[in-house]
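Worksheet for the structure shown next.
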Amino acid sequence: MAGGGEAFRLRLTNRYGRTPLAIQAATVAVGHRQAVLSFDGAEHCVIPAGEECFSDPVDLPVAAGTDLVVSLYLPERTGLATHSHRPAEVARIADGNHVTSPVLPWTEQVEARYYISGVDVPAPQDTVIAAAFGDSWFEGVGTTTSANHRSVDFLNRRLKRGWVVNQGIAGNRLLRDGVGEHALARFDRDVLSIPALTHVLVHFGINDLGLPGVLGEPPTTASALIEGFSALAGRAHRAGLKILAATIGPFAGAGPGISTPEGLATRREVNDWIRTTDAFDSVVDVARTVADPHAPDHIHPALDSGDGMHLNDKGAEAMADAVNLDDLAL
């Protein structure tokens with residue numbers, strides 16, 4: 001959990017399901033303490049297709065940075081599952097109802113997070129609440145699974161008051177749907193819906209530039225990306241939020257198809273605009289922070305996860321350290 005408090009509630013989602021999602025039983029554990037989840041007083045719920053639901057408040061104190069273990073018993077076949085596909089964490093799947101079992105039977109382990117879209121905690125007044133809105137560089141692809149070494153995790157450890165909510169989706173794009181709805185389409189749901197929000201950090205562009213070559217789409221232009229970033233900035237400001245923009249990270253090491261001379265040239269052009277425009281309240285120069293100084297279109301070898309387009313644990317920490325904490329102040 002990014003933030004702590006004396007109580008919390010869970011948000012469960014069936015946004016992309018095509019049939020109602022039945023949850024027959026659910027629990028949440030904080031360390032050795034476990035609580036049964038209820039929904040409007042009942043210990044079960046049915047979430048219609050395309051909808052979400054909130055649990056009743058859980059009166060368990062939880063500290064910032066604590067892991068929650070949520071167990072759901074789904075009595076029927078679910079069909080299409082709404083999930084995060086690269087969360088740098090694993091889900092364990094077992095047959096039967098084991099939501100209160102101290103030890104699970106044999107389980108299948110999958111790197112995914114199913115049906116859980118958020119955790120809400122009461123925020124004290126005058127608390128900085130930021131959304132990290134972007135792609136895999138926020139979600140944590142390339143970092144050690146189950147270690148909480150995402151860039152957003154490192155940034156939260158630096159903050160003295162408040163927290164950052166991770167709304168990164170690996171593969172997500174600023175301008176086109178693909179892995180999840182594109183940023184301009186999901187901004188209201190994934191950013192503006194966060195209670196007490198004060199700031200938004202954005203990192204998009206790598207997938208806009210790299211995926212067209214793989215998918216057979218026309219290349220994304222610098223003008224289209226600049227228009228998209230400008231639209232995000234305008235919507236954030238109209239909502240009373242401060243917006244911090246990260247420069248587009250290097251990805252020349254990703255190989256042919258994803259890394260093209262045209263895409264890399266567009267990245268440099270858009271980054272020059274991000275650094276000099278007054279559209280944002282501040283800029284986080286992630287690109288220069290993690291680049292190889294001898295080959296700036298590449299990630300520094302010490303920070304590269306090994307695939308040429310994602311950061312390892314040290315790279316994620318460097319990305320977090322690039323944020324000026326004064327820019328995350330009220």
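The way I read the labels, and the way they are meant: chains A, B, ... in the order of the structure tokens, residue 1 as the first residue of every chain, and ligand 1 as the first ligand shown, with later ones counted on from there.
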
Give me, as a short mmCIF file (atom, residue, chain, number, x, y, z; two decimals) with N, CA, C and O atoms, in the first residue's frame, all polymer residues having an atom no more than 6 Å from region 137-141 of chain A, counting only C-alpha atoms and skipping those fewer than 6 positions away in the same chain.
```
data_model
loop_
_atom_site.label_atom_id
_atom_site.label_comp_id
_atom_site.auth_asym_id
_atom_site.auth_seq_id
_atom_site.Cartn_x
_atom_site.Cartn_y
_atom_site.Cartn_z
N PRO A 87 2.26 -6.59 -12.99
CA PRO A 87 2.34 -5.73 -11.80
C PRO A 87 3.58 -5.92 -10.94
O PRO A 87 3.67 -5.34 -9.85
N ALA A 88 4.54 -6.76 -11.38
CA ALA A 88 5.72 -7.09 -10.56
C ALA A 88 5.31 -7.74 -9.24
O ALA A 88 5.96 -7.59 -8.21
N ARG A 150 9.55 -1.04 -7.69
CA ARG A 150 9.10 -0.19 -8.79
C ARG A 150 9.56 1.24 -8.53
O ARG A 150 9.80 1.64 -7.38
N SER A 151 9.64 2.05 -9.57
CA SER A 151 10.03 3.44 -9.38
C SER A 151 9.09 4.16 -8.42
O SER A 151 9.52 4.98 -7.60
N GLY A 168 0.29 2.97 -13.41
CA GLY A 168 1.00 2.56 -14.62
C GLY A 168 0.45 1.27 -15.19
O GLY A 168 0.06 0.36 -14.44
N ILE A 169 0.39 1.18 -16.50
CA ILE A 169 -0.03 -0.04 -17.20
C ILE A 169 1.03 -0.37 -18.24
O ILE A 169 1.27 0.41 -19.17
#
```

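Interatomic distance, CA of Asp304 (chain A) to CA of Asp326 (chain A): 27.8 Å.
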
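Omitting Arg176 (chain A) and its sequence neighbours fewer than 2 positions away, and counting only C-alpha atoms, the residues within 12 Å are Gly171, Asn172, Arg173, Leu174, Gly178, Val179, Gly180, Glu181, His182, Ala183, Leu184, Ala185, Arg186, Phe204, Gly205, Asn207, Asp208, Leu209, Leu211, Pro212, Glu217, Pro218, Pro219, Thr220, Ala224, Leu225 and Gly228 of chain A.
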
- Would you kindly return, as an MDAnalysis selection string, each protein, DNA or RNA residue with an atom no farther than 10 Å from any atom of Ala35 (chain A), considering only C-alpha atoms and excluding same-chain residues fewer than 3 positions away? chainID A and resid 26:30 38 58:60 70 100

Selected residues written out, all heavy atoms, as a PDB file, in the first residue's frame:
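Saved result, again-v1.pdb, follows:
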```
ATOM      1  N   ALA A  26     -14.519 -13.292   0.744  1.00  0.00           N
ATOM      2  CA  ALA A  26     -13.280 -12.540   0.552  1.00  0.00           C
ATOM      3  C   ALA A  26     -12.703 -12.166   1.901  1.00  0.00           C
ATOM      4  O   ALA A  26     -13.435 -11.859   2.848  1.00  0.00           O
ATOM      5  CB  ALA A  26     -13.530 -11.284  -0.279  1.00  0.00           C
ATOM      6  N   THR A  27     -11.376 -12.195   1.987  1.00  0.00           N
ATOM      7  CA  THR A  27     -10.680 -11.746   3.192  1.00  0.00           C
ATOM      8  C   THR A  27      -9.496 -10.881   2.783  1.00  0.00           C
ATOM      9  O   THR A  27      -9.049 -10.907   1.640  1.00  0.00           O
ATOM     10  CB  THR A  27     -10.160 -12.931   4.029  1.00  0.00           C
ATOM     11  OG1 THR A  27      -9.251 -13.706   3.236  1.00  0.00           O
ATOM     12  CG2 THR A  27     -11.302 -13.797   4.537  1.00  0.00           C
ATOM     13  N   VAL A  28      -8.992 -10.126   3.762  1.00  0.00           N
ATOM     14  CA  VAL A  28      -7.776  -9.361   3.562  1.00  0.00           C
ATOM     15  C   VAL A  28      -6.909  -9.537   4.793  1.00  0.00           C
ATOM     16  O   VAL A  28      -7.418  -9.539   5.931  1.00  0.00           O
ATOM     17  CB  VAL A  28      -8.086  -7.873   3.297  1.00  0.00           C
ATOM     18  CG1 VAL A  28      -8.850  -7.241   4.457  1.00  0.00           C
ATOM     19  CG2 VAL A  28      -6.807  -7.095   3.002  1.00  0.00           C
ATOM     20  N   ALA A  29      -5.625  -9.713   4.579  1.00  0.00           N
ATOM     21  CA  ALA A  29      -4.698  -9.904   5.693  1.00  0.00           C
ATOM     22  C   ALA A  29      -3.652  -8.805   5.675  1.00  0.00           C
ATOM     23  O   ALA A  29      -3.134  -8.423   4.620  1.00  0.00           O
ATOM     24  CB  ALA A  29      -4.017 -11.272   5.604  1.00  0.00           C
ATOM     25  N   VAL A  30      -3.366  -8.298   6.872  1.00  0.00           N
ATOM     26  CA  VAL A  30      -2.286  -7.335   7.096  1.00  0.00           C
ATOM     27  C   VAL A  30      -1.343  -7.987   8.099  1.00  0.00           C
ATOM     28  O   VAL A  30      -1.654  -8.079   9.280  1.00  0.00           O
ATOM     29  CB  VAL A  30      -2.805  -5.997   7.645  1.00  0.00           C
ATOM     30  CG1 VAL A  30      -1.659  -5.014   7.820  1.00  0.00           C
ATOM     31  CG2 VAL A  30      -3.884  -5.416   6.746  1.00  0.00           C
ATOM     32  N   SER A  38     -16.705  -7.369   3.744  1.00  0.00           N
ATOM     33  CA  SER A  38     -18.147  -7.330   3.538  1.00  0.00           C
ATOM     34  C   SER A  38     -18.480  -6.237   2.542  1.00  0.00           C
ATOM     35  O   SER A  38     -17.695  -5.310   2.312  1.00  0.00           O
ATOM     36  CB  SER A  38     -18.880  -7.091   4.864  1.00  0.00           C
ATOM     37  OG  SER A  38     -18.513  -5.838   5.431  1.00  0.00           O
ATOM     38  N   VAL A  58     -12.574  -1.534   6.440  1.00  0.00           N
ATOM     39  CA  VAL A  58     -11.912  -2.569   7.244  1.00  0.00           C
ATOM     40  C   VAL A  58     -11.147  -1.863   8.350  1.00  0.00           C
ATOM     41  O   VAL A  58     -10.243  -1.064   8.087  1.00  0.00           O
ATOM     42  CB  VAL A  58     -10.956  -3.408   6.389  1.00  0.00           C
ATOM     43  CG1 VAL A  58     -10.245  -4.453   7.239  1.00  0.00           C
ATOM     44  CG2 VAL A  58     -11.698  -4.059   5.227  1.00  0.00           C
ATOM     45  N   ASP A  59     -11.490  -2.139   9.594  1.00  0.00           N
ATOM     46  CA  ASP A  59     -10.869  -1.447  10.733  1.00  0.00           C
ATOM     47  C   ASP A  59      -9.592  -2.149  11.167  1.00  0.00           C
ATOM     48  O   ASP A  59      -9.477  -2.669  12.289  1.00  0.00           O
ATOM     49  CB  ASP A  59     -11.861  -1.361  11.905  1.00  0.00           C
ATOM     50  CG  ASP A  59     -13.022  -0.429  11.595  1.00  0.00           C
ATOM     51  OD1 ASP A  59     -12.791   0.592  10.925  1.00  0.00           O
ATOM     52  OD2 ASP A  59     -14.155  -0.737  12.001  1.00  0.00           O
ATOM     53  N   LEU A  60      -8.622  -2.172  10.261  1.00  0.00           N
ATOM     54  CA  LEU A  60      -7.297  -2.686  10.580  1.00  0.00           C
ATOM     55  C   LEU A  60      -6.290  -1.585  10.263  1.00  0.00           C
ATOM     56  O   LEU A  60      -6.200  -1.148   9.112  1.00  0.00           O
ATOM     57  CB  LEU A  60      -6.964  -3.918   9.729  1.00  0.00           C
ATOM     58  CG  LEU A  60      -7.600  -5.257  10.079  1.00  0.00           C
ATOM     59  CD1 LEU A  60      -7.135  -6.317   9.087  1.00  0.00           C
ATOM     60  CD2 LEU A  60      -7.251  -5.674  11.486  1.00  0.00           C
ATOM     61  N   VAL A  70      -4.996 -10.222  -0.322  1.00  0.00           N
ATOM     62  CA  VAL A  70      -6.435 -10.283  -0.553  1.00  0.00           C
ATOM     63  C   VAL A  70      -6.767 -11.648  -1.138  1.00  0.00           C
ATOM     64  O   VAL A  70      -6.145 -12.091  -2.115  1.00  0.00           O
ATOM     65  CB  VAL A  70      -6.894  -9.165  -1.514  1.00  0.00           C
ATOM     66  CG1 VAL A  70      -8.400  -9.243  -1.737  1.00  0.00           C
ATOM     67  CG2 VAL A  70      -6.504  -7.799  -0.972  1.00  0.00           C
ATOM     68  N   THR A 100      -9.917 -18.257   4.176  1.00  0.00           N
ATOM     69  CA  THR A 100      -9.498 -18.197   5.578  1.00  0.00           C
ATOM     70  C   THR A 100      -8.444 -19.242   5.913  1.00  0.00           C
ATOM     71  O   THR A 100      -8.067 -19.388   7.083  1.00  0.00           O
ATOM     72  CB  THR A 100     -10.709 -18.394   6.512  1.00  0.00           C
ATOM     73  OG1 THR A 100     -11.319 -19.661   6.253  1.00  0.00           O
ATOM     74  CG2 THR A 100     -11.731 -17.284   6.313  1.00  0.00           C
TER      75      THR A 100
END
```

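Closest to Tyr115 (chain A) among A:Arg9, A:His237, A:Arg288, A:Arg15 is A:Arg15, based on only C-alpha atoms.
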
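Counting only C-alpha atoms, His83 (chain A) has the following residues at most 12 Å away, ignoring those fewer than 2 positions along the same chain: Leu12, Thr13, Asn14, Arg15, Tyr16, Gly17, Leu80, Ala81, His85, Arg86, Pro87, Val90, Ala91, Val110, Glu111, Ala112, Arg113, Tyr114, Tyr115, Ile116, Ser117, Gly118, Ile169, Ala170, Val179 and Gly180 of chain A.
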
Among the residues of region 177-237 of chain A, find those DSSP assigns to strand (DSSP E) from the backbone and print them as a compact mmCIF listing (two decimals) with all heavy atoms, in the first residue's frame.
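Generated output (states23.txt):
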```txt
# COMPACT_ATOMS: atom_id res chain seq x y z
N HIS A 199 -1.68 15.97 -7.29
CA HIS A 199 -0.68 16.00 -8.35
C HIS A 199 -0.85 14.79 -9.26
O HIS A 199 -1.39 13.75 -8.85
CB HIS A 199 0.75 15.92 -7.77
CG HIS A 199 1.15 17.08 -6.91
ND1 HIS A 199 0.60 17.34 -5.67
CD2 HIS A 199 2.08 18.07 -7.11
CE1 HIS A 199 1.16 18.41 -5.14
NE2 HIS A 199 2.06 18.86 -6.00
N VAL A 200 -0.32 14.91 -10.48
CA VAL A 200 -0.22 13.76 -11.37
C VAL A 200 1.14 13.80 -12.06
O VAL A 200 1.60 14.85 -12.49
CB VAL A 200 -1.37 13.75 -12.41
CG1 VAL A 200 -1.44 15.03 -13.21
CG2 VAL A 200 -1.24 12.54 -13.34
N LEU A 201 1.82 12.64 -12.06
CA LEU A 201 3.07 12.46 -12.79
C LEU A 201 2.76 11.64 -14.02
O LEU A 201 2.02 10.64 -13.94
CB LEU A 201 4.11 11.73 -11.95
CG LEU A 201 4.65 12.37 -10.68
CD1 LEU A 201 3.68 12.19 -9.51
CD2 LEU A 201 5.99 11.72 -10.31
N VAL A 202 3.32 12.00 -15.17
CA VAL A 202 3.04 11.25 -16.38
C VAL A 202 4.34 10.78 -17.03
O VAL A 202 5.34 11.49 -17.05
CB VAL A 202 2.22 12.07 -17.40
CG1 VAL A 202 0.85 12.40 -16.83
CG2 VAL A 202 2.93 13.34 -17.81
N HIS A 203 4.31 9.53 -17.50
CA HIS A 203 5.40 9.00 -18.35
C HIS A 203 4.76 8.14 -19.42
O HIS A 203 4.29 7.03 -19.16
CB HIS A 203 6.41 8.17 -17.54
CG HIS A 203 7.52 7.63 -18.41
ND1 HIS A 203 7.42 6.43 -19.09
CD2 HIS A 203 8.73 8.15 -18.74
CE1 HIS A 203 8.54 6.23 -19.78
NE2 HIS A 203 9.35 7.25 -19.59
```

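With only C-alpha atoms as the atoms that count, the minimum distance from Ala291 (chain A) to the choices A:Gly255, A:Ala131, A:Pro250, A:Leu311 is reached by A:Pro250.
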
- Task: Tell me, in Å to one decimal, how far CA of Met309 (chain A) is from CA of Gly253 (chain A).
- Result: 6.3 Å
